[in-house]
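Next comes input05.txt, a file with compact mmCIF, C-alpha atoms and all ligand atoms.
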```
# COMPACT_ATOMS: atom_id res chain seq x y z
CA MET A 1 6.51 26.70 -5.51
CA THR A 2 3.29 25.70 -3.72
CA PRO A 3 4.16 24.82 -0.11
CA TYR A 4 3.57 21.28 1.04
CA ASP A 5 0.25 20.67 2.80
CA ALA A 6 0.24 17.52 4.94
CA THR A 7 -3.55 17.32 5.17
CA SER A 8 -4.31 17.43 1.48
CA GLY A 9 -1.06 15.85 0.35
CA GLN A 10 -0.65 18.68 -2.18
CA GLY A 11 2.69 20.31 -2.76
CA PRO A 12 5.90 20.31 -4.76
CA ARG A 13 6.00 17.58 -7.39
CA ALA A 14 8.34 15.02 -8.97
CA LEU A 15 10.63 12.73 -7.08
CA THR A 16 13.45 11.77 -9.40
CA ASP A 17 16.48 9.62 -8.64
CA GLY A 18 20.08 9.98 -9.76
CA PHE A 19 19.41 7.83 -12.85
CA GLY A 20 16.48 9.93 -14.04
CA ARG A 21 13.79 7.50 -12.90
CA THR A 22 10.72 9.15 -11.42
CA VAL A 23 9.35 7.54 -8.27
CA THR A 24 5.56 7.44 -8.41
CA TYR A 25 4.87 4.33 -6.37
CA LEU A 26 5.29 3.77 -2.63
CA ARG A 27 4.84 0.47 -0.87
CA VAL A 28 4.09 0.87 2.81
CA SER A 29 4.60 -2.03 5.17
CA VAL A 30 2.35 -1.39 8.16
CA THR A 31 3.54 -4.29 10.31
CA ASP A 32 6.21 -7.00 10.38
CA ARG A 33 3.73 -9.40 11.99
CA CYS A 34 1.70 -12.05 10.28
CA ASP A 35 -0.80 -14.76 11.10
CA LEU A 36 1.01 -17.14 8.72
CA ARG A 37 4.65 -18.25 8.51
CA CYS A 38 5.27 -19.00 4.83
CA VAL A 39 8.39 -21.12 4.55
CA TYR A 40 10.11 -18.93 1.93
CA CYS A 41 9.25 -15.70 3.74
CA MET A 42 9.73 -16.18 7.46
CA ALA A 43 11.68 -18.35 9.82
CA GLU A 44 9.49 -20.57 11.98
CA HIS A 45 10.26 -18.60 15.12
CA MET A 46 10.48 -14.95 14.24
CA THR A 47 11.31 -12.20 16.68
CA PHE A 48 8.94 -9.37 15.97
CA LEU A 49 9.61 -5.71 16.57
CA PRO A 50 8.77 -4.02 19.84
CA LYS A 51 5.84 -1.62 19.51
CA ALA A 52 7.93 1.50 20.18
CA GLU A 53 9.94 0.85 17.05
CA VAL A 54 6.90 0.59 14.84
CA LEU A 55 5.46 3.76 13.34
CA THR A 56 2.10 4.82 14.74
CA LEU A 57 -0.80 5.08 12.32
CA GLU A 58 -0.41 8.87 12.41
CA GLU A 59 3.30 8.60 11.54
CA LEU A 60 2.54 6.20 8.70
CA ASP A 61 -0.06 8.61 7.37
CA ARG A 62 2.32 11.56 7.65
CA ILE A 63 5.15 9.89 5.74
CA ALA A 64 2.87 8.39 3.08
CA SER A 65 1.20 11.77 2.61
CA ALA A 66 4.59 13.45 2.22
CA PHE A 67 5.32 11.05 -0.65
CA VAL A 68 1.95 11.88 -2.20
CA ALA A 69 2.85 15.56 -2.01
CA LEU A 70 6.08 14.76 -3.84
CA GLY A 71 4.28 13.12 -6.72
CA VAL A 72 3.65 9.53 -5.69
CA ARG A 73 0.44 8.41 -7.46
CA LYS A 74 0.08 4.91 -6.10
CA LEU A 75 0.26 3.46 -2.61
CA ARG A 76 0.36 -0.23 -1.84
CA ILE A 77 -0.31 -1.26 1.74
CA THR A 78 1.54 -4.41 2.68
CA GLY A 79 3.36 -6.15 5.52
CA GLY A 80 3.85 -8.67 7.16
CA GLU A 81 0.15 -9.16 6.92
CA PRO A 82 -1.37 -5.68 6.70
CA LEU A 83 -4.81 -6.77 7.89
CA VAL A 84 -3.43 -7.94 11.27
CA ARG A 85 -2.31 -4.39 12.11
CA LYS A 86 -4.76 -2.87 14.56
CA GLY A 87 -6.36 0.24 13.08
CA VAL A 88 -5.12 -0.43 9.54
CA MET A 89 -8.56 0.35 8.14
CA ASP A 90 -8.48 3.78 9.82
CA LEU A 91 -5.15 4.40 8.09
CA ILE A 92 -6.47 3.31 4.70
CA GLU A 93 -9.69 5.27 5.10
CA GLY A 94 -7.65 8.34 6.11
CA LEU A 95 -5.33 8.03 3.12
CA GLY A 96 -8.46 7.80 0.97
CA ARG A 97 -8.61 11.62 1.16
CA HIS A 98 -5.79 11.71 -1.40
CA LEU A 99 -7.91 9.66 -3.80
CA ARG A 100 -10.82 12.02 -3.40
CA SER A 101 -8.60 15.08 -3.89
CA GLY A 102 -7.13 13.56 -7.07
CA ALA A 103 -3.58 13.61 -5.66
CA LEU A 104 -3.45 9.81 -5.73
CA ASP A 105 -4.61 7.41 -8.46
CA GLU A 106 -4.76 4.27 -6.42
CA ILE A 107 -4.48 2.63 -3.01
CA THR A 108 -3.96 -1.10 -3.23
CA LEU A 109 -3.23 -3.88 -0.80
CA THR A 110 -1.21 -7.09 -0.77
CA THR A 111 -2.68 -9.61 1.63
CA ASN A 112 -2.63 -13.28 2.45
CA GLY A 113 -6.42 -13.13 2.39
CA THR A 114 -7.11 -14.70 5.79
CA ARG A 115 -9.02 -11.64 7.05
CA LEU A 116 -10.71 -10.49 3.89
CA THR A 117 -14.12 -11.80 4.92
CA GLU A 118 -13.96 -9.24 7.71
CA PHE A 119 -12.46 -6.30 5.79
CA ALA A 120 -13.40 -6.56 2.10
CA GLY A 121 -16.46 -4.29 2.37
CA ARG A 122 -14.59 -1.56 4.23
CA LEU A 123 -11.71 -1.71 1.78
CA ALA A 124 -14.08 -1.18 -1.13
CA ASP A 125 -15.82 1.66 0.72
CA ALA A 126 -12.42 3.31 1.36
CA GLY A 127 -11.79 3.52 -2.38
CA VAL A 128 -9.60 0.45 -2.81
CA ARG A 129 -10.35 -1.10 -6.21
CA ARG A 130 -7.71 -3.79 -6.67
CA ILE A 131 -5.96 -6.11 -4.26
CA ASN A 132 -3.33 -8.84 -4.57
CA VAL A 133 -3.93 -12.05 -2.69
CA SER A 134 -1.02 -14.44 -2.22
CA LEU A 135 -1.94 -18.06 -2.79
CA ASP A 136 0.55 -20.75 -3.76
CA THR A 137 -1.63 -23.86 -3.81
CA LEU A 138 -5.23 -25.06 -3.80
CA LYS A 139 -4.35 -28.18 -1.83
CA PRO A 140 -5.37 -27.69 1.82
CA ALA A 141 -2.62 -29.92 3.23
CA LEU A 142 0.14 -28.32 1.16
CA PHE A 143 -1.21 -24.87 2.03
CA ARG A 144 -0.98 -25.81 5.70
CA THR A 145 2.62 -26.95 5.21
CA LEU A 146 3.75 -23.96 3.14
CA THR A 147 2.19 -21.43 5.51
CA ARG A 148 3.01 -23.46 8.64
CA GLY A 149 -0.57 -23.88 9.81
CA GLY A 150 -2.79 -21.77 7.52
CA ASP A 151 -6.37 -22.66 6.57
CA LEU A 152 -6.93 -22.56 2.81
CA ALA A 153 -10.73 -22.36 3.19
CA LYS A 154 -10.39 -19.01 4.99
CA VAL A 155 -8.38 -17.55 2.12
CA VAL A 156 -10.78 -18.79 -0.54
CA ALA A 157 -13.70 -17.37 1.49
CA GLY A 158 -11.74 -14.11 1.68
CA ILE A 159 -11.29 -14.00 -2.09
CA ASP A 160 -15.03 -14.67 -2.50
CA ALA A 161 -15.81 -11.80 -0.12
CA ALA A 162 -13.44 -9.45 -1.93
CA GLN A 163 -14.98 -10.20 -5.31
CA ALA A 164 -18.49 -9.87 -3.87
CA ALA A 165 -17.48 -6.41 -2.58
CA GLY A 166 -16.45 -5.45 -6.10
CA LEU A 167 -12.68 -5.63 -5.59
CA HIS A 168 -10.57 -6.79 -8.51
CA VAL A 169 -8.40 -9.62 -7.18
CA LYS A 170 -5.04 -10.64 -8.59
CA ILE A 171 -3.61 -13.91 -7.33
CA ASN A 172 0.14 -14.01 -6.64
CA ALA A 173 1.94 -17.33 -6.35
CA VAL A 174 5.57 -17.99 -5.60
CA ALA A 175 6.81 -20.73 -7.93
CA LEU A 176 8.39 -23.48 -5.85
CA LYS A 177 10.11 -26.29 -7.67
CA ASP A 178 9.13 -29.22 -5.49
CA ASP A 179 5.96 -27.90 -3.89
CA ASN A 180 3.67 -26.31 -6.46
CA ALA A 181 5.39 -26.48 -9.88
CA ALA A 182 3.15 -29.29 -11.13
CA GLU A 183 0.04 -27.55 -9.82
CA LEU A 184 0.66 -24.16 -11.42
CA PRO A 185 -1.49 -24.78 -14.55
CA GLU A 186 -4.41 -25.77 -12.33
CA LEU A 187 -3.92 -22.72 -10.12
CA ILE A 188 -3.80 -20.45 -13.18
CA ARG A 189 -6.93 -22.05 -14.62
CA TRP A 190 -8.70 -21.64 -11.28
CA ALA A 191 -7.74 -17.95 -10.98
CA HIS A 192 -8.69 -17.15 -14.58
CA GLY A 193 -11.92 -19.12 -14.20
CA ARG A 194 -13.01 -16.75 -11.47
CA GLY A 195 -12.01 -13.62 -13.34
CA CYS A 196 -8.71 -13.02 -11.53
CA ASP A 197 -5.39 -12.08 -13.13
CA MET A 198 -2.53 -14.20 -11.89
CA THR A 199 1.15 -13.46 -11.33
CA LEU A 200 3.95 -15.91 -10.73
CA ILE A 201 6.97 -14.86 -8.67
CA GLU A 202 10.43 -16.35 -8.42
CA THR A 203 11.73 -16.87 -4.89
CA MET A 204 14.03 -14.06 -3.89
CA PRO A 205 16.93 -14.42 -1.45
CA LEU A 206 15.61 -12.13 1.28
CA GLY A 207 16.37 -12.90 4.90
CA GLU A 208 17.43 -16.14 6.51
CA VAL A 209 14.85 -18.93 6.45
CA GLU A 210 15.27 -22.58 7.36
CA ALA A 211 14.89 -23.91 3.81
CA ASP A 212 17.65 -23.80 1.23
CA ARG A 213 16.28 -21.54 -1.49
CA THR A 214 18.43 -23.25 -4.10
CA ASP A 215 16.18 -26.25 -3.65
CA GLN A 216 13.01 -24.18 -4.00
CA TYR A 217 14.09 -21.91 -6.83
CA LEU A 218 12.29 -22.44 -10.10
CA SER A 219 13.06 -20.25 -13.09
CA LEU A 220 9.94 -18.75 -14.60
CA LYS A 221 11.57 -19.11 -18.02
CA GLN A 222 11.26 -22.82 -17.43
CA VAL A 223 7.66 -22.48 -16.21
CA ARG A 224 6.75 -20.42 -19.26
CA ALA A 225 8.29 -22.97 -21.62
CA GLU A 226 6.34 -25.74 -19.89
CA LEU A 227 3.04 -23.81 -20.10
CA GLU A 228 3.71 -23.09 -23.78
CA SER A 229 3.90 -26.81 -24.47
CA PHE A 230 0.11 -26.98 -24.05
CA TRP A 231 -1.17 -23.36 -23.97
CA THR A 232 -0.89 -20.41 -26.34
CA LEU A 233 0.71 -17.48 -24.55
CA THR A 234 0.70 -14.09 -26.25
CA ASP A 235 2.78 -11.22 -24.88
CA ILE A 236 0.66 -8.21 -24.05
CA PRO A 237 1.97 -4.73 -23.32
CA LEU A 238 -0.05 -4.41 -20.09
CA SER A 239 1.87 -2.40 -17.54
CA THR A 240 0.71 -2.11 -13.96
CA GLY A 241 3.74 0.02 -13.14
CA GLY A 242 5.37 -3.09 -11.75
CA PRO A 243 8.06 -5.50 -12.83
CA ALA A 244 5.67 -8.17 -14.13
CA ARG A 245 5.68 -9.07 -17.84
CA TYR A 246 2.21 -10.17 -18.92
CA VAL A 247 0.87 -12.70 -21.38
CA GLU A 248 -2.65 -13.65 -22.31
CA VAL A 249 -3.50 -17.34 -22.14
CA ALA A 250 -5.74 -18.14 -25.10
CA GLU A 251 -7.16 -21.31 -23.54
CA THR A 252 -8.26 -19.66 -20.27
CA GLY A 253 -8.88 -16.14 -21.58
CA GLY A 254 -6.96 -14.74 -18.59
CA ARG A 255 -3.82 -12.71 -18.01
CA LEU A 256 -0.68 -14.16 -16.51
CA GLY A 257 2.26 -12.14 -15.20
CA PHE A 258 5.82 -13.24 -14.58
CA ILE A 259 7.98 -11.48 -11.99
CA THR A 260 11.52 -12.59 -12.69
CA PRO A 261 13.99 -10.76 -10.48
CA LEU A 262 16.58 -13.51 -10.94
CA SER A 263 16.35 -14.53 -14.55
CA HIS A 264 15.50 -11.06 -15.85
CA ASN A 265 16.63 -7.86 -14.22
CA PHE A 266 13.87 -5.25 -14.24
CA CYS A 267 15.59 -2.35 -12.52
CA GLU A 268 15.87 0.07 -15.43
CA ALA A 269 12.15 0.86 -15.31
CA CYS A 270 11.81 0.83 -11.51
CA ASN A 271 9.43 3.52 -10.27
CA ARG A 272 9.04 2.43 -6.65
CA VAL A 273 10.43 2.69 -3.16
CA ARG A 274 9.48 0.88 0.03
CA LEU A 275 8.76 2.12 3.52
CA THR A 276 9.02 -0.38 6.35
CA CYS A 277 6.80 -0.26 9.41
CA THR A 278 9.73 1.22 11.35
CA GLY A 279 9.99 4.16 8.97
CA THR A 280 13.03 2.93 7.08
CA LEU A 281 12.96 3.79 3.42
CA HIS A 282 14.47 1.19 1.11
CA SER A 283 14.87 2.59 -2.34
CA CYS A 284 15.81 -0.85 -3.72
CA LEU A 285 14.32 -4.24 -2.76
CA GLY A 286 17.58 -6.04 -3.35
CA GLN A 287 20.10 -3.71 -1.72
CA ASP A 288 20.84 -2.91 1.90
CA ASP A 289 20.44 0.85 1.34
CA ALA A 290 18.24 2.47 3.98
CA SER A 291 17.15 5.91 5.16
CA ASP A 292 15.68 6.37 8.60
CA LEU A 293 12.60 8.58 8.18
CA ARG A 294 11.35 7.68 11.67
CA ALA A 295 14.39 9.42 13.17
CA VAL A 296 13.63 12.43 10.99
CA ILE A 297 10.03 12.80 12.10
CA ARG A 298 10.64 11.83 15.75
CA ALA A 299 13.30 14.57 15.90
CA GLY A 300 10.50 17.05 15.20
CA ALA A 301 11.13 17.64 11.51
CA SER A 302 8.94 20.10 9.67
CA ASP A 303 7.11 18.94 6.56
CA THR A 304 9.80 20.63 4.48
CA ASP A 305 12.57 18.78 6.38
CA LEU A 306 10.72 15.50 5.80
CA ALA A 307 10.33 16.24 2.08
CA ASP A 308 14.08 17.04 1.89
CA ALA A 309 14.97 13.76 3.63
CA ILE A 310 12.77 11.85 1.19
CA ARG A 311 14.33 13.58 -1.82
CA LEU A 312 17.80 12.81 -0.52
CA ALA A 313 16.95 9.13 -0.04
CA VAL A 314 15.38 8.80 -3.49
CA ASP A 315 18.29 10.61 -5.11
CA ALA A 316 20.57 7.85 -3.81
CA LYS A 317 18.42 5.01 -5.21
CA PRO A 318 20.85 2.32 -6.43
CA LYS A 319 20.94 1.53 -10.12
CA GLY A 320 19.76 -2.03 -9.53
CA HIS A 321 20.02 -5.24 -7.58
CA ASP A 322 22.16 -8.25 -8.15
CA PHE A 323 20.22 -11.20 -6.78
CA GLN A 324 21.85 -14.55 -7.17
CA ILE A 325 20.64 -17.95 -6.15
CA ALA A 326 23.88 -19.76 -5.60
CA ARG A 327 24.11 -22.84 -3.44
CA ALA A 328 24.90 -21.89 0.16
CA ALA A 329 25.04 -18.21 -0.79
CA ALA A 330 24.05 -15.75 1.90
CA PRO A 331 20.77 -13.88 1.32
CA ALA A 332 21.25 -10.80 -0.90
CA VAL A 333 19.90 -8.70 1.93
CA ARG A 334 19.51 -9.59 5.59
CA ARG A 335 15.93 -8.37 5.99
CA HIS A 336 13.02 -10.69 5.28
CA MET A 337 10.35 -9.92 2.69
CA SER A 338 7.93 -9.54 5.60
CA THR A 339 10.05 -6.65 6.87
CA THR A 340 10.43 -4.87 3.57
CA GLY A 341 6.91 -5.54 2.36
CA GLY A 342 6.17 -7.45 -0.81
N1 LIG B 401 1.32 -11.02 3.89
C1 LIG B 401 0.98 -10.48 2.63
C2 LIG B 401 0.99 -11.54 1.57
O1 LIG B 401 1.46 -12.65 1.82
O2 LIG B 401 0.50 -11.24 0.48
C3 LIG B 401 1.84 -9.31 2.21
C4 LIG B 401 3.32 -9.39 2.47
S1 LIG B 401 4.17 -10.70 1.64
C5 LIG B 401 5.81 -10.43 2.21
C6 LIG B 401 4.15 -10.14 -0.04
C7 LIG B 401 4.52 -11.11 -1.09
O3 LIG B 401 5.87 -11.46 -0.96
C8 LIG B 401 3.73 -12.41 -1.08
O4 LIG B 401 3.13 -12.60 -2.33
C9 LIG B 401 4.78 -13.46 -0.82
O5 LIG B 401 4.49 -14.65 -1.49
C10 LIG B 401 6.02 -12.80 -1.36
N2 LIG B 401 7.27 -13.30 -0.79
C11 LIG B 401 7.62 -13.45 0.51
N3 LIG B 401 8.88 -13.90 0.64
C12 LIG B 401 9.36 -14.04 -0.63
C13 LIG B 401 10.60 -14.47 -1.17
N4 LIG B 401 11.61 -14.81 -0.41
N5 LIG B 401 10.71 -14.51 -2.52
C14 LIG B 401 9.68 -14.13 -3.33
N6 LIG B 401 8.50 -13.70 -2.87
C15 LIG B 401 8.33 -13.67 -1.55
FE1 LIG B 402 2.98 -13.70 6.07
FE2 LIG B 402 2.82 -12.83 3.57
FE3 LIG B 402 5.18 -13.63 4.59
FE4 LIG B 402 3.33 -15.43 4.14
S1 LIG B 402 4.32 -14.16 2.59
S2 LIG B 402 4.55 -15.23 6.03
S3 LIG B 402 1.48 -14.34 4.54
S4 LIG B 402 4.00 -11.90 5.25
```
Please rewrite the model in this file as structure tokens.
Ligand code: SAM
Ligand code: SF4
Amino acid sequence: MTPYDATSGQGPRALTDGFGRTVTYLRVSVTDRCDLRCVYCMAEHMTFLPKAEVLTLEELDRIASAFVALGVRKLRITGGEPLVRKGVMDLIEGLGRHLRSGALDEITLTTNGTRLTEFAGRLADAGVRRINVSLDTLKPALFRTLTRGGDLAKVVAGIDAAQAAGLHVKINAVALKDDNAAELPELIRWAHGRGCDMTLIETMPLGEVEADRTDQYLSLKQVRAELESFWTLTDIPLSTGGPARYVEVAETGGRLGFITPLSHNFCEACNRVRLTCTGTLHSCLGQDDASDLRAVIRAGASDTDLADAIRLAVDAKPKGHDFQIARAAAPAVRRHMSTTGG
């Protein structure tokens, strides 16, 4: 077997779990920090991690590259807000070597968009082709409320900058019953009108936040039925390797995805695992399973030891999650989405 080479990311292939699913997709959270405080994601006063607990850029590169060597074809950089991490562009540019070598198909990013005016050009130059921007409303006042202080104009300017740099932008919105349900058709029309795909997400019970998620939860089955009362939605087989089911909207000519962790379980086709900024590998978004890869590398592990630890963690990937939105129920997992990475 070809030995693992950390620089090129070339080496032994195929990372398969105990249920025969092959892991080809790694999400890397590069920070737990954020310049926004979305109500469904974070508590108002979050305690962020001390620096020593957070992986350095070199450690992030090493672990991500080990996954590439084991057959991961797609990396998504996320957070917290990835673009607030100092040096994140150096990390992305460095990981770009795996795109050039052909070991990796894609590096993508999930961002709140506030810093895209600054970084869009560099992202495109680094080989990033597609990004997801989270945006739940086009109303400045509601945006300020939902994000606890965010400036909508900055995000829209960021999306403009990303598109001008040639990045394909997908808009992600969390469907919130009281806050943006009525506005969703307008948001979809806006996204499609500017050539963006759009994905709707159900709120997931991750981490303690002030709001009661039972109040915010809106089933996307319900949203779809509502949209179908005035639009023609046609299922399309588009697969981005993710859990979204896509439709085409005849009236807007755009694509719309539904991510329905609660009303439709998507675990059987799951191809992904998540690395937090502290080096913890979560092989399932909705379970408390965790493997500490930071301890492995900080104990001086060789590349082979690291690859073995990754294989072991992936082998134990749970069959699926069991999210439930029950009134007063505890979150399915204690960690927030900003810790795990969206
Ligand atoms: N800060 C970046 C952003 O907002 O795009 C990346 C990280 S954020 C945690 C990733 C995605 O998770 C966002 O689209 C956000 O809306 C979503 N998210 C956060 N908390 C969530 C929750 N409890 N349920 C569903 N989606 C959530
Ligand atoms: Fe920050 Fe993204 Fe969470 Fe909003 S969803 S608080 S932008 S990490």
Quiz item: Out of A:Ile159, A:Ile188, A:Val84, A:Leu275, which residue has the shortest atom-to-atom distance to ligand LIG 402 (chain B) when counting all atoms listed in the file?
Solution: A:Val84
Quiz prompt | Contacts with ligand LIG 402 (chain B) at most 9 Å, all atoms listed in the file counted, listed as a PyMOL selection string | solution = chain A and resi 32-43+78-82+110-114+134-135+146-148+336-339+341-342
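Across the structure, atom CA of Lys51 of chain A and atom CA of Lys86 of chain A are spaced 11.8 Å apart.
Separating atom CA of Val273 of chain A from atom CA of Leu99 of chain A is a distance of 19.6 Å.
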Quiz item: Mind pulling up the distance from atom O4 of ligand LIG 401 (chain B) to atom CA of Ala225 of chain A?
Solution: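 That distance, rounded to one decimal, is 22.5 Å.
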Quiz item: Which one is closest to Ile131 of chain A: A:Asn172, A:Asn180, A:Thr145, A:Gln287? Count only C-alpha atoms.
Solution: A:Asn172
Listed atoms of ligand LIG 401 (chain B) boxed axis-aligned with 5 Å per side, centre + edges as lines of an AutoDock Vina configuration file:
```
center_x = 6.1
center_y = -12.1
center_z = 0.3
size_x = 21.1
size_y = 15.5
size_z = 17.2
```
Once you count all atoms listed in the file, what closest atom pair and distance in Å to one decimal does each residue of segment 251-294 of chain A within 12 Å of segment 299-314 of chain A have, with rows by chain and rising residue number, as CSV?
```
residue,atom,partner,partner_atom,distance
A:Cys270,CA,A:Val314,CA,11.9
A:Asn271,CA,A:Val314,CA,10.5
A:Arg272,CA,A:Val314,CA,9.5
A:Val273,CA,A:Val314,CA,7.9
A:Arg274,CA,A:Val314,CA,10.5
A:Leu275,CA,A:Ile310,CA,10.8
A:Gly279,CA,A:Ile310,CA,11.3
A:Thr280,CA,A:Ala313,CA,10.2
A:Leu281,CA,A:Ala313,CA,7.5
A:His282,CA,A:Ala313,CA,8.4
A:Ser283,CA,A:Val314,CA,6.3
A:Cys284,CA,A:Val314,CA,9.7
A:Asp289,CA,A:Ala313,CA,9.1
A:Ala290,CA,A:Ala313,CA,7.9
A:Ser291,CA,A:Ala313,CA,6.1
A:Asp292,CA,A:Ala309,CA,8.9
A:Leu293,CA,A:Ala309,CA,7.3
A:Arg294,CA,A:Ala299,CA,8.3
```
Practice problem: Can you pull out every residue within 12 Å of Gly87 of chain A, counting all atoms listed in the file, but drop anything in the same chain fewer than 6 positions away, and send it as a ChimeraX atom specification? | Solution: /A:30-31,56-58,60-61,93-94,119
